[in-house]
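Text of upload-v1.txt (compact mmCIF, C-alpha atoms) as supplied:
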```txt
# COMPACT_ATOMS: atom_id res chain seq x y z
CA MET Y 62 112.58 71.70 92.76
CA ASN Y 63 115.70 69.59 92.59
CA LYS Y 64 116.97 69.90 96.14
CA SER Y 65 120.36 68.41 95.27
CA ALA Y 66 121.17 70.91 92.54
CA THR Y 67 122.21 74.19 94.15
CA ILE Y 68 124.19 77.23 93.14
CA GLY Y 69 125.57 79.06 96.15
CA GLY Y 70 122.67 77.79 98.27
CA VAL Y 71 120.06 78.68 95.66
CA GLU Y 72 118.14 75.92 93.87
CA SER Y 73 119.08 75.89 90.17
CA ALA Y 74 115.41 75.52 89.23
CA VAL Y 75 114.63 78.79 91.01
CA LEU Y 76 117.50 80.58 89.27
CA SER Y 77 116.38 79.24 85.90
CA ARG Y 78 112.85 80.50 86.45
CA LEU Y 79 114.02 83.90 87.67
CA ASN Y 80 116.41 84.25 84.74
CA HIS Y 81 113.66 83.43 82.23
CA ALA Y 82 111.20 85.83 83.87
CA TRP Y 83 113.77 88.61 83.98
CA LYS Y 84 114.72 88.23 80.31
CA GLN Y 85 111.03 88.42 79.39
CA ARG Y 86 110.60 91.62 81.40
CA ARG Y 87 113.68 93.14 79.74
CA ARG Y 88 112.32 92.31 76.27
CA GLU Y 89 109.09 94.07 77.19
CA ASN Y 90 110.97 97.11 78.54
CA ALA Y 91 114.11 97.15 76.41
CA ASP Y 92 114.79 100.87 76.81
CA ALA Y 93 114.02 101.07 80.53
CA ALA Y 94 116.44 101.45 83.40
CA PRO Y 95 116.99 98.35 85.57
CA LEU Y 96 113.51 97.27 86.63
CA PRO Y 97 112.63 96.84 90.31
CA ILE Y 98 113.05 93.46 91.97
CA LEU Y 99 109.93 92.58 93.98
CA ILE Y 100 110.35 90.32 97.01
CA ALA Y 101 107.34 88.95 98.91
CA ILE Y 102 107.65 88.25 102.63
CA THR Y 103 104.72 86.26 103.95
CA GLY Y 104 103.73 84.07 106.89
CA GLY Y 105 101.22 84.02 109.72
CA SER Y 106 100.09 87.00 111.77
CA GLY Y 107 102.89 87.79 114.21
CA SER Y 108 105.47 85.67 112.40
CA GLY Y 109 107.87 88.57 111.87
CA LYS Y 110 107.03 89.66 108.30
CA SER Y 111 107.22 93.40 108.96
CA TRP Y 112 110.32 92.98 111.11
CA LEU Y 113 112.14 91.07 108.33
CA ALA Y 114 111.05 93.54 105.65
CA ASP Y 115 112.28 96.43 107.83
CA ARG Y 116 115.65 94.77 108.41
CA LEU Y 117 116.14 93.95 104.73
CA GLN Y 118 115.29 97.50 103.75
CA GLN Y 119 117.78 98.68 106.37
CA ALA Y 120 120.46 96.40 104.91
CA PHE Y 121 120.04 97.74 101.38
CA GLY Y 122 119.47 101.37 102.34
CA LYS Y 123 118.61 103.78 99.53
CA GLU Y 124 118.33 100.96 96.97
CA ALA Y 125 115.32 99.47 98.78
CA ALA Y 126 111.71 100.39 99.47
CA ARG Y 127 108.83 98.87 101.47
CA LEU Y 128 105.22 97.97 100.77
CA SER Y 129 102.73 96.36 103.15
CA LEU Y 130 99.55 94.47 102.32
CA ASP Y 131 98.07 95.96 105.52
CA ASP Y 132 97.56 99.26 103.67
CA PHE Y 133 95.23 97.58 101.19
CA TYR Y 134 92.39 96.48 103.46
CA ARG Y 135 88.97 97.37 102.06
CA ASP Y 136 87.45 100.65 103.19
CA LEU Y 137 84.54 99.90 105.56
CA SER Y 138 83.38 103.48 106.05
CA SER Y 139 79.97 102.55 104.60
CA LEU Y 140 79.37 100.13 107.50
CA THR Y 141 78.37 100.93 111.06
CA SER Y 142 80.96 100.38 113.79
CA GLU Y 143 79.05 97.29 114.94
CA GLN Y 144 79.09 95.86 111.40
CA ARG Y 145 82.80 96.55 111.03
CA GLU Y 146 83.59 94.57 114.17
CA LYS Y 147 81.93 91.51 112.64
CA VAL Y 148 84.13 91.50 109.52
CA ASN Y 149 86.66 88.66 109.30
CA PHE Y 150 89.90 90.56 108.76
CA ASP Y 151 91.86 87.30 108.61
CA HIS Y 152 90.25 86.23 105.33
CA PRO Y 153 91.80 87.23 101.97
CA ARG Y 154 88.53 88.81 100.80
CA SER Y 155 89.12 91.65 103.29
CA ILE Y 156 91.81 93.00 100.90
CA ASP Y 157 91.22 95.32 97.94
CA TRP Y 158 93.01 93.06 95.45
CA PRO Y 159 92.46 95.18 92.30
CA CYS Y 160 94.24 98.05 94.09
CA VAL Y 161 97.10 95.74 95.09
CA GLU Y 162 97.49 94.45 91.53
CA HIS Y 163 97.48 97.98 90.13
CA VAL Y 164 100.24 99.13 92.49
CA LEU Y 165 102.38 96.04 91.85
CA SER Y 166 101.96 96.46 88.09
CA ASP Y 167 103.21 100.04 88.37
CA CYS Y 168 106.11 98.92 90.55
CA ARG Y 169 107.21 96.17 88.18
CA ALA Y 170 107.31 98.72 85.37
CA GLY Y 171 109.19 101.22 87.52
CA ARG Y 172 106.31 103.72 87.45
CA LEU Y 173 105.39 106.21 90.15
CA THR Y 174 102.22 105.01 91.88
CA ARG Y 175 99.79 105.96 94.66
CA LEU Y 176 99.49 103.96 97.87
CA PRO Y 177 96.37 103.87 100.05
CA ARG Y 178 96.64 104.23 103.81
CA TYR Y 179 94.48 102.38 106.35
CA ASP Y 180 93.31 103.16 109.88
CA PHE Y 181 93.02 99.93 111.88
CA LYS Y 182 91.25 101.60 114.78
CA THR Y 183 88.28 102.63 112.60
CA HIS Y 184 88.68 100.03 109.81
CA THR Y 185 88.54 102.78 107.20
CA ARG Y 186 90.84 104.03 104.48
CA LEU Y 187 92.46 107.38 105.16
CA PRO Y 188 91.54 110.11 102.67
CA LYS Y 189 95.16 111.03 101.94
CA THR Y 190 97.11 108.68 99.65
CA GLU Y 191 100.90 108.59 99.33
CA TRP Y 192 103.10 108.71 96.23
CA PHE Y 193 105.49 105.78 95.95
CA GLN Y 194 108.62 105.75 93.79
CA PRO Y 195 109.84 102.20 93.10
CA LYS Y 196 113.45 101.42 94.02
CA LEU Y 197 115.76 98.66 92.78
CA LEU Y 198 114.56 96.36 95.58
CA ILE Y 199 110.96 96.40 96.84
CA PHE Y 200 110.15 94.28 99.90
CA MET Y 201 106.43 93.67 100.47
CA ASP Y 202 105.06 91.93 103.55
CA GLY Y 203 101.59 90.46 103.89
CA LEU Y 204 99.55 87.45 104.94
CA TRP Y 205 98.22 86.42 101.52
CA LEU Y 206 100.91 87.28 98.98
CA LEU Y 207 100.98 83.63 97.87
CA HIS Y 208 97.19 83.34 97.68
CA GLY Y 209 96.62 83.44 93.91
CA ALA Y 210 98.64 82.68 90.78
CA ALA Y 211 98.53 86.29 89.53
CA MET Y 212 99.79 87.57 92.87
CA ARG Y 213 102.59 85.01 93.05
CA ALA Y 214 103.67 85.92 89.52
CA SER Y 215 104.11 89.55 90.60
CA PHE Y 216 107.16 88.69 92.72
CA ASP Y 217 110.69 87.72 91.76
CA LEU Y 218 111.35 86.03 95.09
CA LYS Y 219 108.83 84.67 97.62
CA ILE Y 220 109.80 84.16 101.27
CA PHE Y 221 107.63 82.37 103.84
CA ILE Y 222 108.31 82.71 107.58
CA ASP Y 223 107.39 79.62 109.60
CA CYS Y 224 106.65 80.56 113.21
CA SER Y 225 104.91 78.73 116.09
CA ALA Y 226 101.34 79.70 117.01
CA SER Y 227 102.33 80.53 120.61
CA LEU Y 228 105.01 83.01 119.51
CA ARG Y 229 102.71 84.55 116.90
CA LEU Y 230 99.97 85.09 119.52
CA GLU Y 231 102.45 86.66 121.95
CA ARG Y 232 103.66 89.10 119.30
CA ARG Y 233 100.16 89.90 118.06
CA MET Y 234 98.96 90.72 121.58
CA ALA Y 235 101.85 93.14 122.08
CA ARG Y 236 101.33 94.79 118.68
CA ASP Y 237 97.55 95.15 118.80
CA ALA Y 238 97.57 96.54 122.32
CA ALA Y 239 100.23 99.13 121.49
CA GLU Y 240 99.27 100.10 117.93
CA ARG Y 241 95.57 99.28 117.52
CA GLY Y 242 94.07 99.97 120.93
CA ARG Y 243 92.79 96.45 121.59
CA SER Y 244 92.67 94.58 124.89
CA PRO Y 245 94.71 91.39 125.41
CA LEU Y 246 91.47 89.44 125.97
CA ALA Y 247 89.96 90.65 122.68
CA VAL Y 248 93.17 89.81 120.80
CA ARG Y 249 93.32 86.29 122.28
CA GLN Y 250 89.65 85.63 121.51
CA GLN Y 251 90.06 86.78 117.92
CA PHE Y 252 93.18 84.65 117.53
CA GLU Y 253 91.42 81.53 118.79
CA LEU Y 254 88.15 82.10 116.91
CA THR Y 255 89.36 83.26 113.48
CA VAL Y 256 93.10 83.86 113.17
CA ALA Y 257 94.22 80.27 113.78
CA ALA Y 258 91.65 78.72 111.42
CA MET Y 259 92.26 81.29 108.68
CA HIS Y 260 96.01 80.80 109.06
CA ASP Y 261 95.71 77.06 108.42
CA ARG Y 262 93.36 77.54 105.47
CA HIS Y 263 94.76 80.59 103.69
CA VAL Y 264 98.34 81.15 104.87
CA ALA Y 265 100.12 77.95 105.93
CA SER Y 266 98.54 75.99 103.09
CA LYS Y 267 100.28 78.28 100.57
CA ALA Y 268 103.79 77.89 102.00
CA HIS Y 269 104.76 75.38 99.29
CA TRP Y 270 104.67 78.21 96.74
CA ALA Y 271 107.55 80.02 98.49
CA ASP Y 272 111.07 79.97 97.04
CA ILE Y 273 112.53 79.91 100.53
CA ILE Y 274 111.05 79.06 103.95
CA LEU Y 275 112.64 80.66 107.01
CA LYS Y 276 111.92 79.10 110.41
CA GLN Y 277 111.80 81.28 113.51
CA PRO Y 278 114.12 81.79 115.27
CA LEU Y 279 116.45 82.40 112.34
CA GLN Y 280 119.72 80.46 112.18
CA ASP Y 281 122.93 81.54 110.44
CA LYS Y 282 122.35 79.05 107.62
CA ASP Y 283 118.89 80.55 106.99
CA ILE Y 284 120.33 84.05 106.74
CA HIS Y 285 123.10 82.86 104.39
CA GLN Y 286 120.55 81.16 102.15
CA LEU Y 287 118.43 84.31 102.09
CA ALA Y 288 121.48 86.41 101.24
CA ASP Y 289 122.37 83.99 98.43
CA GLN Y 290 118.91 84.22 96.91
CA ILE Y 291 118.84 88.01 96.96
CA TRP Y 292 122.39 88.10 95.61
CA ALA Y 293 121.34 85.81 92.75
CA LEU Y 294 118.56 88.22 91.83
CA LEU Y 295 120.86 91.23 91.95
CA SER Y 296 123.46 89.45 89.82
CA LEU Y 297 120.86 88.63 87.19
CA MET Y 298 119.51 92.14 86.98
CA VAL Y 299 122.37 94.53 87.58
CA SER Y 300 126.15 94.27 87.49
CA LYS Y 301 127.56 93.49 90.93
CA GLN Y 302 131.12 92.76 92.02
CA GLU Y 303 131.62 89.36 93.66
CA TRP Y 304 133.35 90.78 96.74
CA MET Y 305 130.04 92.41 97.69
CA ARG Y 306 128.49 88.97 98.19
CA SER Y 307 130.36 88.28 101.45
CA ALA Y 308 129.69 91.85 102.58
CA LEU Y 309 125.98 91.30 102.03
CA GLN Y 310 126.01 88.08 104.06
CA THR Y 311 127.91 89.74 106.90
CA GLU Y 312 125.53 92.71 106.92
CA LEU Y 313 122.41 90.53 106.95
CA CYS Y 314 123.80 88.32 109.73
CA THR Y 315 124.54 91.39 111.85
CA ILE Y 316 121.11 92.94 111.30
CA LEU Y 317 118.92 89.83 111.49
CA LYS Y 318 120.67 88.19 114.45
CA SER Y 319 120.21 91.32 116.52
CA HIS Y 320 116.47 90.56 116.83
```
Could you write out this structure as structure tokens?
Amino acid sequence: MNKSATIGGVESAVLSRLNHAWKQRRRENADAAPLPILIAITGGSGSGKSWLADRLQQAFGKEAARLSLDDFYRDLSSLTSEQREKVNFDHPRSIDWPCVEHVLSDCRAGRLTRLPRYDFKTHTRLPKTEWFQPKLLIFMDGLWLLHGAAMRASFDLKIFIDCSASLRLERRMARDAAERGRSPLAVRQQFELTVAAMHDRHVASKAHWADIILKQPLQDKDIHQLADQIWALLSLMVSKQEWMRSALQTELCTILKSH
């Protein structure tokens, strides 16, 4: 990208690519209503992906929806509990990628789709799926959303959260103890044995594919840049009044700085 050429904080090369991709999608769906805008939020385990996706959905209210790659882990019900514990859940192959691609394809076309649900305590997929109606903005968080070319092409904007290993471990210990019934010792051992290595190999190494990199803790300039990028997408795809731009920045600053 040409770092010196910016439009409201957004690299012109990014805008050019997004504009081209959007026009192609409109040609393919000429009679459709405004198609959903898909935004990937990725980064290491404990970096704040789910938190950011939640806050962005909060900012946009009824116009936004959420997806999480965590729901797409492979069903391990055919394995014994001992075998399940040996699976490396920090490797991309632990995800059911065909299911992810199917759901994202439906979302990009604005079609109703079914979402799987996953139980982290048993490492199995829940029998009941959930219907998902795409909204104008769809925020999806996940470790490996930048992993392959096809996956990267599914998103209109790709955000990577850069966060220190110490902070990520602290957050993961709190989450896994509260939500997944794991001891602090087990969480720390897993982090040191597999999480850190897999992060370097499969997560951090893909950061260069992101359109924007946010560094924890977030600064005002980072939030303004993020607001500018999302505004650019909205302006390309639906008619928006310019006064709403400053309102969006103010809203995001209020929500994201409260963390």
Handout entry: Leu176 of chain Y environment, 12 Å, all atoms listed in the file, sequence neighbours closer than 6 positions dropped, as a PyMOL selection string
Key = chain Y and resi 127-134+157+160-165+167-168+186-195
Handout entry: Distance criterion (all atoms listed in the file): nearest to Gly122 of chain Y out of Y:Arg169, Y:Lys196, Y:Arg236, Y:Arg229
Key = Y:Lys196
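Taking only C-alpha atoms into account, Arg213 of chain Y lies nearest to Y:Trp270 out of the set Y:Phe150, Y:Phe121, Y:Trp270, Y:Trp112.
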Extending 4 Å beyond the listed atoms of segment 227-240 of chain Y on each side, what axis-aligned box results? I want centre and edge lengths in Å to one decimal, as AutoDock Vina command-line options.
```
--center_x 101.3 --center_y 90.3 --center_z 119.6 --size_x 15.5 --size_y 27.6 --size_z 13.4
```
Problem - For Asp237 of chain Y, the nearest of the candidates Y:Glu143, Y:His260, Y:Ser155, Y:Arg249, counting all atoms listed in the file - result: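 Among Y:Glu143, Y:His260, Y:Ser155, Y:Arg249, it is Y:Arg249 that comes nearest to Asp237 of chain Y.
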Each segment 224-243 of chain Y residue no farther than 12 Å from segment 278-281 of chain Y, nearest pair in Å, only C-alpha atoms, as JSON lines:
```
{"residue": "Y:Cys224", "atom": "CA", "partner": "Y:Pro278", "partner_atom": "CA", "distance": 7.8}
{"residue": "Y:Ser225", "atom": "CA", "partner": "Y:Pro278", "partner_atom": "CA", "distance": 9.7}
{"residue": "Y:Leu228", "atom": "CA", "partner": "Y:Pro278", "partner_atom": "CA", "distance": 10.1}
{"residue": "Y:Arg229", "atom": "CA", "partner": "Y:Pro278", "partner_atom": "CA", "distance": 11.9}
```
Output file for the residues above (C-alpha atoms, as an mmCIF file, keeping the file's coordinate frame):
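For reference, selection_16.cif as written:
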```
data_model
loop_
_atom_site.group_PDB
_atom_site.id
_atom_site.type_symbol
_atom_site.label_atom_id
_atom_site.label_comp_id
_atom_site.auth_asym_id
_atom_site.auth_seq_id
_atom_site.Cartn_x
_atom_site.Cartn_y
_atom_site.Cartn_z
ATOM 1 C CA CYS Y 224 106.650 80.560 113.210
ATOM 2 C CA SER Y 225 104.910 78.730 116.090
ATOM 3 C CA LEU Y 228 105.010 83.010 119.510
ATOM 4 C CA ARG Y 229 102.710 84.550 116.900
#
```
Problem - Who sits within 8 Å of Leu317 of chain Y, only C-alpha atoms, same chain under 4 positions skipped, as a ChimeraX atom specification - result: /Y:113,116,279,284,313
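For the choices Y:Thr255, Y:Gln119, Y:Gln277, Y:Ser166, the atom-to-atom distance to Ala214 of chain Y is smallest for Y:Ser166 when using only C-alpha atoms.
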Practice task
Record the distance separating atom CA of Pro97 of chain Y and atom CA of Ile291 of chain Y, expressed in Å with one decimal.
Solution key: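 Taking atom CA of Pro97 of chain Y as the start and atom CA of Ile291 of chain Y as the end point, the length is 12.7 Å.
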Completion exercise
atom CA of Lys182 of chain Y sits from atom CA of Ser244 of chain Y at a separation of 12.4 Å
Problem - Closest of Y:His184, Y:His269, Y:Lys219, Y:Arg178 to Ser138 of chain Y - atom-to-atom distances counting all atoms listed in the file - result: Y:His184
Practice task
Tell me which of Y:His285, Y:Lys123, Y:Lys276, Y:Arg145 sits closest to Phe221 of chain Y, counting all atoms listed in the file.
Solution key: Y:Lys276
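One distance worth recording is that between atom CA of Glu124 of chain Y and atom CA of Gly203 of chain Y, which is 20.9 Å.
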Closest pair table for segment 250-295 of chain Y residues within 10 Å of segment 208-211 of chain Y, only C-alpha atoms, as a Markdown table:
```
| residue | atom | partner | partner_atom | distance |
| --- | --- | --- | --- | --- |
| Y:His263 | CA | Y:His208 | CA | 7.0 |
| Y:Val264 | CA | Y:His208 | CA | 7.6 |
| Y:Ser266 | CA | Y:His208 | CA | 9.2 |
| Y:Lys267 | CA | Y:His208 | CA | 6.6 |
| Y:Ala268 | CA | Y:His208 | CA | 9.6 |
| Y:Trp270 | CA | Y:His208 | CA | 9.1 |
```
